[in-house]
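Taking it in order: structure first as structure tokens, then the write-up.
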Amino acid sequence: MDDKKKFTTVSIPTPLFKKVEERIRDTGFTSVSSYVAYVLREVVSEEAEEEEPFTEEDEERVKERLRALGYID
Amino acid sequence: MKGEKLERALEEAGGMPSLEISLELVRECENIASGEFSPLTGFMGREDYEEVLDHMRLSSDLPWTIPIVLHTERERTDGFGDGREIVLTHEGRPVALMEVEESFPLDRKRHALGVYGTDDPDHPGVAKTNSMGGLLLGGEIRLLTQTESVFPQYHLRPIETRILFKEKGWRTVVGFQTRNVPHMGHEYLQKTSLSFTDGLLINPVIGRKKPGDFKDEVIIKAYQSLIENYYLRERAVLVTLQLDMRYAGPREAIFHSIVRKNYGCTHFIVGRDHAGVGNYYEPYAAHEIFENFPDLGISPLFFTSFFHCKRCGGVANDKTCPHPDSDHESFSGTRIRSLLTSGKRPPQEIMRPEIADIVLGWEEPFVA
């Protein structure tokens with residue numbers, strides 16, 4: 001996949017850009033973009049809501065198996 | 001699949017081209033289908049494969065570090081092309097249906113360098129790469145049948161471990177990966193981590209091993225004894241993971257974390273040279289790689305090297321022990337194996353006697 005499809009442009013205020021540029025000086029981040037991507041990934045993953053991936057029926061069926069195997073009473 | 005759904009699928013499969021796959025690929029199918037490899041729902045297509053190799057992320061940007069691929073030889077795909085549904089078989093038995101969305105060539109050198117950081121044929125993962133078929137097939141799968149588990153009483157799928165943790169009231173769970181019989185150092189890691197979480201998942205990897213590794217049966221028997229005698233039943237569980245080791249060091253540390261997150265773990269123990277082999281990886285590269293993944297969804301618990309200190313009177317590490325090296329005894333795997341191989345119990349501060357006796361009582365406890 002070429003880079004044009006992998007990345008898109010987001011605008012941020014210039015003063016904020018300069019603050020971030022200063023903040024990442026002497027760190028492992030090589031660009032404002034890489035730092036912003038890092039922070040946004042963290043924020044997005046924290047906000048992602050996790051639904052219970054099983055139904056009540058699944059739960060009862062599994063609990064039966066867990067009891068039979070001795071994992072629960 | 002079960003019942004009518006399975007019957008219909010098997011009927012469909014009867015009319016499809018088939019592709020025989022190895023037991024290793026069968027396990028991959030099962031792990032994809034059961035959620036160990038979530039969010040994957042099939043074998044990787046080119047886009048995901050290349051993103052994983054180059055950027056350690058899926059094309060969706062989710063973290064993923066080890067390509068999960070179905071390899072074969074081009075001549076074995078005569079009779080079907082991209083867009084066709086096929087049945088994957090093992091020893092003639094139908095295992096899964098696969099929609100072949102695309103096929104693309106395997107560049108073995110690129111694969112080896114990308115996954116293992118080396119193309120040295122002595123690296124077991126590189127050797128494996130060199131033996132792979134030259135064509136990769138990508139597409140969704142539907143599992144038809146499950147193979148018999150090697151240890152059925154310990155083989156739980158992610159939905160089962162998540163419900164287990166919920167039943168036990170564990171909001172935080174630390175996962176411990178192992179392919180060894182436990183020594184006192186392992187116990188130290190586990191119990192230290194358990195001090196900060198509600199529960200401990202001891203999760204031995206069962207699958208392809210290299211010569212010199214402990215046999216799976218020995219590991220399970222040893223852990224049965226350890227948990228029964230030295231752990232609280234309400235705090236520790238033993239569950240096996242059927243997975244081939246890649247020995248990909250740092251990349252595999254992330255991969256293993258993701259699998260344990262899928263089990264419902266909130267934390268994962270990462271020691272020195274996790275999933276390493278020989279001297280291919282820096283000792284703490286498997287810690288440093290986590291800096292690239294603020295969105296992993298599971299927190300690593302990093303442990304540096306630890307040892308038994310005669311003066312401290314227990315397991316310690318370089319942050320907790322002020323004494324010189326001359327007071328330290330290491331948990332060297334080589335040394336422990338050497339003692340056991342020559343019929344001797346390691347010192348009890350290194351390995352519990354009952355664990356040593358289990359190994360010593362086995363005729364051939366190591367993989368040949």
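Residue numbering restarts at 1 in every chain; chains get A, B, ... in the order shown in the structure tokens, and ligands count up from 1 in that same order.
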
Under the rule of at most 9 Å, produce a per-residue listing of chain B near chain A: chain, number, name, the closest pair of atoms, and the distance in Å, as JSON lines, using only C-alpha atoms.
{"residue": "B:Glu47", "atom": "CA", "partner": "A:Met1", "partner_atom": "CA", "distance": 6.8}
{"residue": "B:Glu50", "atom": "CA", "partner": "A:Met1", "partner_atom": "CA", "distance": 8.6}
{"residue": "B:Glu51", "atom": "CA", "partner": "A:Met1", "partner_atom": "CA", "distance": 8.7}
{"residue": "B:Ser59", "atom": "CA", "partner": "A:Lys6", "partner_atom": "CA", "distance": 8.5}
{"residue": "B:Asp61", "atom": "CA", "partner": "A:Arg41", "partner_atom": "CA", "distance": 8.9}
{"residue": "B:Gln153", "atom": "CA", "partner": "A:Leu69", "partner_atom": "CA", "distance": 6.0}
{"residue": "B:Tyr154", "atom": "CA", "partner": "A:Leu69", "partner_atom": "CA", "distance": 8.0}
{"residue": "B:Leu156", "atom": "CA", "partner": "A:Leu66", "partner_atom": "CA", "distance": 8.9}
{"residue": "B:Ile159", "atom": "CA", "partner": "A:Phe54", "partner_atom": "CA", "distance": 7.1}
{"residue": "B:Glu160", "atom": "CA", "partner": "A:Val62", "partner_atom": "CA", "distance": 6.0}
{"residue": "B:Ile163", "atom": "CA", "partner": "A:Glu59", "partner_atom": "CA", "distance": 6.6}
{"residue": "B:Leu164", "atom": "CA", "partner": "A:Leu66", "partner_atom": "CA", "distance": 7.3}
{"residue": "B:Glu167", "atom": "CA", "partner": "A:Ile72", "partner_atom": "CA", "distance": 7.7}
{"residue": "B:Lys168", "atom": "CA", "partner": "A:Ile72", "partner_atom": "CA", "distance": 7.8}
{"residue": "B:Arg233", "atom": "CA", "partner": "A:Tyr71", "partner_atom": "CA", "distance": 8.7}
{"residue": "B:Glu234", "atom": "CA", "partner": "A:Ile72", "partner_atom": "CA", "distance": 8.9}
{"residue": "B:Val237", "atom": "CA", "partner": "A:Tyr71", "partner_atom": "CA", "distance": 7.6}
{"residue": "B:Asn292", "atom": "CA", "partner": "A:Tyr38", "partner_atom": "CA", "distance": 7.8}
{"residue": "B:Phe293", "atom": "CA", "partner": "A:Tyr38", "partner_atom": "CA", "distance": 7.9}
{"residue": "B:Pro294", "atom": "CA", "partner": "A:Glu42", "partner_atom": "CA", "distance": 5.0}
{"residue": "B:Asp295", "atom": "CA", "partner": "A:Glu42", "partner_atom": "CA", "distance": 4.8}
{"residue": "B:Leu296", "atom": "CA", "partner": "A:Ser45", "partner_atom": "CA", "distance": 7.8}
{"residue": "B:Gly297", "atom": "CA", "partner": "A:Ser45", "partner_atom": "CA", "distance": 7.0}

Write a file of the selected residues as a PDB file, in the first residue's frame, keeping N, CA and C atoms.
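File written: again11.pdb
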ATOM      1  N   GLU B  47      -1.910  -7.065   2.423  1.00  0.00           N
ATOM      2  CA  GLU B  47      -1.853  -5.747   3.075  1.00  0.00           C
ATOM      3  C   GLU B  47      -1.519  -5.890   4.564  1.00  0.00           C
ATOM      4  N   GLU B  50       2.116  -7.272   5.082  1.00  0.00           N
ATOM      5  CA  GLU B  50       3.201  -6.307   4.900  1.00  0.00           C
ATOM      6  C   GLU B  50       3.210  -5.247   5.997  1.00  0.00           C
ATOM      7  N   GLU B  51       2.035  -4.835   6.421  1.00  0.00           N
ATOM      8  CA  GLU B  51       1.959  -3.860   7.525  1.00  0.00           C
ATOM      9  C   GLU B  51       2.561  -4.461   8.803  1.00  0.00           C
ATOM     10  N   SER B  59      -3.443  -3.533   9.115  1.00  0.00           N
ATOM     11  CA  SER B  59      -3.832  -2.381   8.292  1.00  0.00           C
ATOM     12  C   SER B  59      -4.880  -1.521   8.999  1.00  0.00           C
ATOM     13  N   ASP B  61      -4.471  -0.561  11.965  1.00  0.00           N
ATOM     14  CA  ASP B  61      -3.606   0.116  12.944  1.00  0.00           C
ATOM     15  C   ASP B  61      -3.551  -0.586  14.302  1.00  0.00           C
ATOM     16  N   GLN B 153      -8.194 -31.266  30.029  1.00  0.00           N
ATOM     17  CA  GLN B 153      -8.658 -30.707  31.301  1.00  0.00           C
ATOM     18  C   GLN B 153      -8.066 -29.328  31.574  1.00  0.00           C
ATOM     19  N   TYR B 154      -7.064 -28.917  30.792  1.00  0.00           N
ATOM     20  CA  TYR B 154      -6.442 -27.599  30.996  1.00  0.00           C
ATOM     21  C   TYR B 154      -6.583 -26.702  29.770  1.00  0.00           C
ATOM     22  N   LEU B 156      -8.537 -24.327  27.892  1.00  0.00           N
ATOM     23  CA  LEU B 156      -9.656 -23.391  27.891  1.00  0.00           C
ATOM     24  C   LEU B 156      -9.474 -22.365  26.787  1.00  0.00           C
ATOM     25  N   ILE B 159     -13.112 -17.363  25.611  1.00  0.00           N
ATOM     26  CA  ILE B 159     -14.435 -17.129  26.207  1.00  0.00           C
ATOM     27  C   ILE B 159     -14.516 -17.833  27.566  1.00  0.00           C
ATOM     28  N   GLU B 160     -13.881 -18.969  27.696  1.00  0.00           N
ATOM     29  CA  GLU B 160     -13.934 -19.748  28.939  1.00  0.00           C
ATOM     30  C   GLU B 160     -13.080 -19.116  30.029  1.00  0.00           C
ATOM     31  N   ILE B 163     -14.886 -15.990  31.347  1.00  0.00           N
ATOM     32  CA  ILE B 163     -15.982 -16.323  32.258  1.00  0.00           C
ATOM     33  C   ILE B 163     -15.421 -16.844  33.573  1.00  0.00           C
ATOM     34  N   LEU B 164     -14.348 -17.607  33.509  1.00  0.00           N
ATOM     35  CA  LEU B 164     -13.690 -18.108  34.726  1.00  0.00           C
ATOM     36  C   LEU B 164     -13.239 -16.942  35.601  1.00  0.00           C
ATOM     37  N   GLU B 167     -16.203 -15.317  37.184  1.00  0.00           N
ATOM     38  CA  GLU B 167     -16.733 -16.140  38.278  1.00  0.00           C
ATOM     39  C   GLU B 167     -15.887 -16.035  39.533  1.00  0.00           C
ATOM     40  N   LYS B 168     -14.598 -15.941  39.341  1.00  0.00           N
ATOM     41  CA  LYS B 168     -13.683 -15.845  40.490  1.00  0.00           C
ATOM     42  C   LYS B 168     -13.640 -14.428  41.070  1.00  0.00           C
ATOM     43  N   ARG B 233      -5.946 -21.891  45.691  1.00  0.00           N
ATOM     44  CA  ARG B 233      -6.814 -22.295  44.587  1.00  0.00           C
ATOM     45  C   ARG B 233      -7.623 -21.110  44.054  1.00  0.00           C
ATOM     46  N   GLU B 234      -7.992 -20.200  44.970  1.00  0.00           N
ATOM     47  CA  GLU B 234      -8.813 -19.077  44.507  1.00  0.00           C
ATOM     48  C   GLU B 234      -7.980 -17.983  43.825  1.00  0.00           C
ATOM     49  N   VAL B 237      -4.705 -20.217  38.457  1.00  0.00           N
ATOM     50  CA  VAL B 237      -5.240 -21.277  37.599  1.00  0.00           C
ATOM     51  C   VAL B 237      -4.209 -21.654  36.550  1.00  0.00           C
ATOM     52  N   ASN B 292       6.517   1.098  21.956  1.00  0.00           N
ATOM     53  CA  ASN B 292       5.875   1.410  20.676  1.00  0.00           C
ATOM     54  C   ASN B 292       4.377   1.150  20.674  1.00  0.00           C
ATOM     55  N   PHE B 293       3.860   0.623  21.791  1.00  0.00           N
ATOM     56  CA  PHE B 293       2.461   0.191  21.796  1.00  0.00           C
ATOM     57  C   PHE B 293       1.683   0.732  22.999  1.00  0.00           C
ATOM     58  N   PRO B 294       1.413   2.047  23.013  1.00  0.00           N
ATOM     59  CA  PRO B 294       0.638   2.607  24.117  1.00  0.00           C
ATOM     60  C   PRO B 294      -0.806   2.118  24.105  1.00  0.00           C
ATOM     61  N   ASP B 295      -1.203   1.495  22.998  1.00  0.00           N
ATOM     62  CA  ASP B 295      -2.590   1.048  22.812  1.00  0.00           C
ATOM     63  C   ASP B 295      -2.708  -0.463  22.857  1.00  0.00           C
ATOM     64  N   LEU B 296      -1.778  -1.154  23.512  1.00  0.00           N
ATOM     65  CA  LEU B 296      -1.786  -2.614  23.498  1.00  0.00           C
ATOM     66  C   LEU B 296      -2.985  -3.194  24.235  1.00  0.00           C
ATOM     67  N   GLY B 297      -3.415  -2.526  25.310  1.00  0.00           N
ATOM     68  CA  GLY B 297      -4.588  -3.005  26.041  1.00  0.00           C
ATOM     69  C   GLY B 297      -4.273  -3.995  27.145  1.00  0.00           C
TER      70      GLY B 297
END

| Contacts of stretch 7-14 of chain B at 9 Å or less, counting only C-alpha atoms, minus same-chain residues fewer than 5 places along, as a ChimeraX atom specification? | /B:1-2,85-87,94,96-97,144

Could you turn the residues from that selection into a file that holds N, CA and C atoms, as an mmCIF file, in the first residue's frame?
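Wrote it out as part-v3.cif, contents follow:
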data_model
loop_
_atom_site.group_PDB
_atom_site.id
_atom_site.type_symbol
_atom_site.label_atom_id
_atom_site.label_comp_id
_atom_site.auth_asym_id
_atom_site.auth_seq_id
_atom_site.Cartn_x
_atom_site.Cartn_y
_atom_site.Cartn_z
ATOM 1 N N MET B 1 -17.975 -25.601 14.720
ATOM 2 C CA MET B 1 -19.381 -25.758 14.269
ATOM 3 C C MET B 1 -19.984 -27.034 14.829
ATOM 4 N N LYS B 2 -21.313 -27.024 14.993
ATOM 5 C CA LYS B 2 -21.949 -28.235 15.521
ATOM 6 C C LYS B 2 -23.242 -28.512 14.776
ATOM 7 N N GLU B 85 -13.756 -20.718 -2.566
ATOM 8 C CA GLU B 85 -13.780 -21.278 -1.216
ATOM 9 C C GLU B 85 -13.208 -22.696 -1.292
ATOM 10 N N ILE B 86 -12.334 -23.013 -0.351
ATOM 11 C CA ILE B 86 -11.702 -24.336 -0.342
ATOM 12 C C ILE B 86 -11.861 -24.951 1.045
ATOM 13 N N VAL B 87 -11.588 -26.253 1.109
ATOM 14 C CA VAL B 87 -11.608 -26.911 2.417
ATOM 15 C C VAL B 87 -10.166 -27.244 2.800
ATOM 16 N N PRO B 94 -11.524 -32.984 7.141
ATOM 17 C CA PRO B 94 -11.781 -31.543 6.923
ATOM 18 C C PRO B 94 -11.636 -30.765 8.223
ATOM 19 N N ALA B 96 -11.289 -26.873 8.165
ATOM 20 C CA ALA B 96 -11.891 -25.542 8.057
ATOM 21 C C ALA B 96 -12.216 -25.231 6.605
ATOM 22 N N LEU B 97 -13.165 -24.328 6.429
ATOM 23 C CA LEU B 97 -13.424 -23.767 5.102
ATOM 24 C C LEU B 97 -12.690 -22.438 5.032
ATOM 25 N N LEU B 144 -14.352 -26.088 11.101
ATOM 26 C CA LEU B 144 -15.347 -27.170 11.060
ATOM 27 C C LEU B 144 -15.233 -28.060 12.294
#

| query | Residues of stretch 256-364 of chain B in helix (DSSP H, G or I) according to DSSP, as an MDAnalysis selection string? | reply | chainID B and resid 256:263 285:292 325:327 333:341 353:360

Write the residues you've just listed into a file as a PDB file, in the first residue's frame, and include C-alpha atoms for each of them.
ATOM      1  CA  HIS B 256       2.114 -13.262  23.520  1.00  0.00           C
ATOM      2  CA  SER B 257       0.729 -10.234  25.375  1.00  0.00           C
ATOM      3  CA  ILE B 258      -2.051  -9.856  22.832  1.00  0.00           C
ATOM      4  CA  VAL B 259      -3.004 -13.523  23.173  1.00  0.00           C
ATOM      5  CA  ARG B 260      -3.171 -13.185  26.974  1.00  0.00           C
ATOM      6  CA  LYS B 261      -5.220 -10.019  26.630  1.00  0.00           C
ATOM      7  CA  ASN B 262      -7.616 -12.094  24.561  1.00  0.00           C
ATOM      8  CA  TYR B 263      -7.779 -14.553  27.452  1.00  0.00           C
ATOM      9  CA  ALA B 285      14.729  -5.752  23.835  1.00  0.00           C
ATOM     10  CA  ALA B 286      11.485  -7.487  24.773  1.00  0.00           C
ATOM     11  CA  HIS B 287      10.871  -4.779  27.380  1.00  0.00           C
ATOM     12  CA  GLU B 288      11.799  -1.832  25.168  1.00  0.00           C
ATOM     13  CA  ILE B 289       9.504  -2.858  22.312  1.00  0.00           C
ATOM     14  CA  PHE B 290       6.455  -2.160  24.504  1.00  0.00           C
ATOM     15  CA  GLU B 291       7.212   1.572  24.226  1.00  0.00           C
ATOM     16  CA  ASN B 292       5.875   1.410  20.676  1.00  0.00           C
ATOM     17  CA  ASP B 325      27.699 -11.653  43.054  1.00  0.00           C
ATOM     18  CA  SER B 326      29.635 -14.142  45.167  1.00  0.00           C
ATOM     19  CA  ASP B 327      26.514 -14.451  47.372  1.00  0.00           C
ATOM     20  CA  GLY B 333      18.390 -23.063  32.609  1.00  0.00           C
ATOM     21  CA  THR B 334      21.571 -24.690  31.332  1.00  0.00           C
ATOM     22  CA  ARG B 335      22.799 -25.418  34.845  1.00  0.00           C
ATOM     23  CA  ILE B 336      19.401 -26.743  36.009  1.00  0.00           C
ATOM     24  CA  ARG B 337      19.141 -29.004  32.942  1.00  0.00           C
ATOM     25  CA  SER B 338      22.681 -30.239  33.440  1.00  0.00           C
ATOM     26  CA  LEU B 339      21.977 -31.218  37.058  1.00  0.00           C
ATOM     27  CA  LEU B 340      18.698 -32.916  36.206  1.00  0.00           C
ATOM     28  CA  THR B 341      20.206 -34.724  33.226  1.00  0.00           C
ATOM     29  CA  PRO B 353      12.496 -30.981  45.648  1.00  0.00           C
ATOM     30  CA  GLU B 354       9.090 -32.325  44.644  1.00  0.00           C
ATOM     31  CA  ILE B 355       9.391 -30.582  41.272  1.00  0.00           C
ATOM     32  CA  ALA B 356      12.898 -31.948  40.769  1.00  0.00           C
ATOM     33  CA  ASP B 357      11.642 -35.426  41.663  1.00  0.00           C
ATOM     34  CA  ILE B 358       8.930 -35.211  39.004  1.00  0.00           C
ATOM     35  CA  VAL B 359      11.549 -34.460  36.355  1.00  0.00           C
ATOM     36  CA  LEU B 360      13.969 -37.067  37.674  1.00  0.00           C
TER      37      LEU B 360
END

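Here atom CA of B:Pro105 is placed at a distance of 9.8 Å from atom CA of B:Thr72.
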
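Within 7 Å of B:Glu30, once only C-alpha atoms are used and residues closer than 3 positions along the same chain are dropped, the contacting residues are B:Val26, B:Arg27, B:Ala33, B:Ser34, B:Leu143, B:Gln146.
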
Contacts of stretch 139-209 of chain B with stretch 41-44 of chain B up to 7 Å, shortest pair per row, only C-alpha atoms, as JSON lines:
{"residue": "B:Gly139", "atom": "CA", "partner": "B:Gly42", "partner_atom": "CA", "distance": 5.3}
{"residue": "B:Glu140", "atom": "CA", "partner": "B:Gly42", "partner_atom": "CA", "distance": 3.9}
{"residue": "B:Ile141", "atom": "CA", "partner": "B:Gly42", "partner_atom": "CA", "distance": 5.0}

| query | Do you know which residues are at most 12 Å from A:Ile12 counting only C-alpha atoms, after dropping those on the same chain fewer than 4 positions away, and could you put them as a ChimeraX atom specification? | reply | /A:16-20,32-33,36

For the residues in that selection, give me C-alpha atoms as a PDB file, in the first residue's frame.
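Contents of result_8.pdb, freshly written:
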ATOM      1  CA  LEU A  16       0.324  23.777  19.707  1.00  0.00           C
ATOM      2  CA  PHE A  17       2.611  22.344  17.042  1.00  0.00           C
ATOM      3  CA  LYS A  18       5.502  24.427  18.379  1.00  0.00           C
ATOM      4  CA  LYS A  19       4.775  23.332  21.973  1.00  0.00           C
ATOM      5  CA  VAL A  20       4.842  19.708  20.919  1.00  0.00           C
ATOM      6  CA  VAL A  32       5.527  15.828  15.871  1.00  0.00           C
ATOM      7  CA  SER A  33       3.505  13.410  13.737  1.00  0.00           C
ATOM      8  CA  VAL A  36       0.790  12.803  18.052  1.00  0.00           C
TER       9      VAL A  36
END

| task | Any chance you could list, as an NGL selection string, the residues in stretch 18-170 of chain B that come up strand (DSSP E) when DSSP is run on the backbone? | result | :B and (18-20 or 42-43 or 70-72 or 84-90 or 93-100 or 102-105 or 135-143)

| field | d(atom CA of B:Gly212, atom CA of B:Glu252) in Å | value | 20.3 Å

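Here atom CA of B:Lys191 is placed at a distance of 12.2 Å from atom CA of B:Val173.
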
| task | Fewer than 6 positions away in the same chain doesn't count, so skip those; otherwise give me all residues within 12 Å of B:Gly92, counting only C-alpha atoms, as a ChimeraX atom specification. | result | /B:14,18-23

| message | Neighbouring residues of B:Ala127 were defined as those with any atom within 12 Å, considering only C-alpha atoms; residues of the same chain fewer than 2 positions away were excluded. Please report them as a PyMOL selection string. | response | chain B and resi 108-109+111-112+116+118-125+129-132+210+246-247

Take the residues from that selection and put them in a file with C-alpha atoms, as a PDB file, in the first residue's frame.
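Final output, saved to result_3.pdb:
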ATOM      1  CA  ARG B 108      11.670 -15.805   2.686  1.00  0.00           C
ATOM      2  CA  LYS B 109      14.535 -13.408   3.369  1.00  0.00           C
ATOM      3  CA  HIS B 111       9.967 -12.608   6.152  1.00  0.00           C
ATOM      4  CA  ALA B 112      12.898 -13.840   8.239  1.00  0.00           C
ATOM      5  CA  TYR B 116      13.237 -12.545  13.538  1.00  0.00           C
ATOM      6  CA  THR B 118      18.007 -12.212  11.213  1.00  0.00           C
ATOM      7  CA  ASP B 119      18.254 -14.573   8.250  1.00  0.00           C
ATOM      8  CA  ASP B 120      20.744 -16.843   9.997  1.00  0.00           C
ATOM      9  CA  PRO B 121      19.563 -20.355   9.127  1.00  0.00           C
ATOM     10  CA  ASP B 122      20.604 -21.544  12.607  1.00  0.00           C
ATOM     11  CA  HIS B 123      17.787 -19.498  14.139  1.00  0.00           C
ATOM     12  CA  PRO B 124      14.871 -21.964  14.535  1.00  0.00           C
ATOM     13  CA  GLY B 125      12.370 -19.445  13.204  1.00  0.00           C
ATOM     14  CA  THR B 129      10.750 -19.899   7.259  1.00  0.00           C
ATOM     15  CA  ASN B 130      13.123 -21.603   4.856  1.00  0.00           C
ATOM     16  CA  SER B 131      10.969 -24.724   4.967  1.00  0.00           C
ATOM     17  CA  MET B 132       7.700 -22.844   4.294  1.00  0.00           C
ATOM     18  CA  LYS B 210      13.184 -27.278  20.100  1.00  0.00           C
ATOM     19  CA  ARG B 246       8.505 -18.704  17.010  1.00  0.00           C
ATOM     20  CA  TYR B 247      11.534 -17.627  19.118  1.00  0.00           C
TER      21      TYR B 247
END
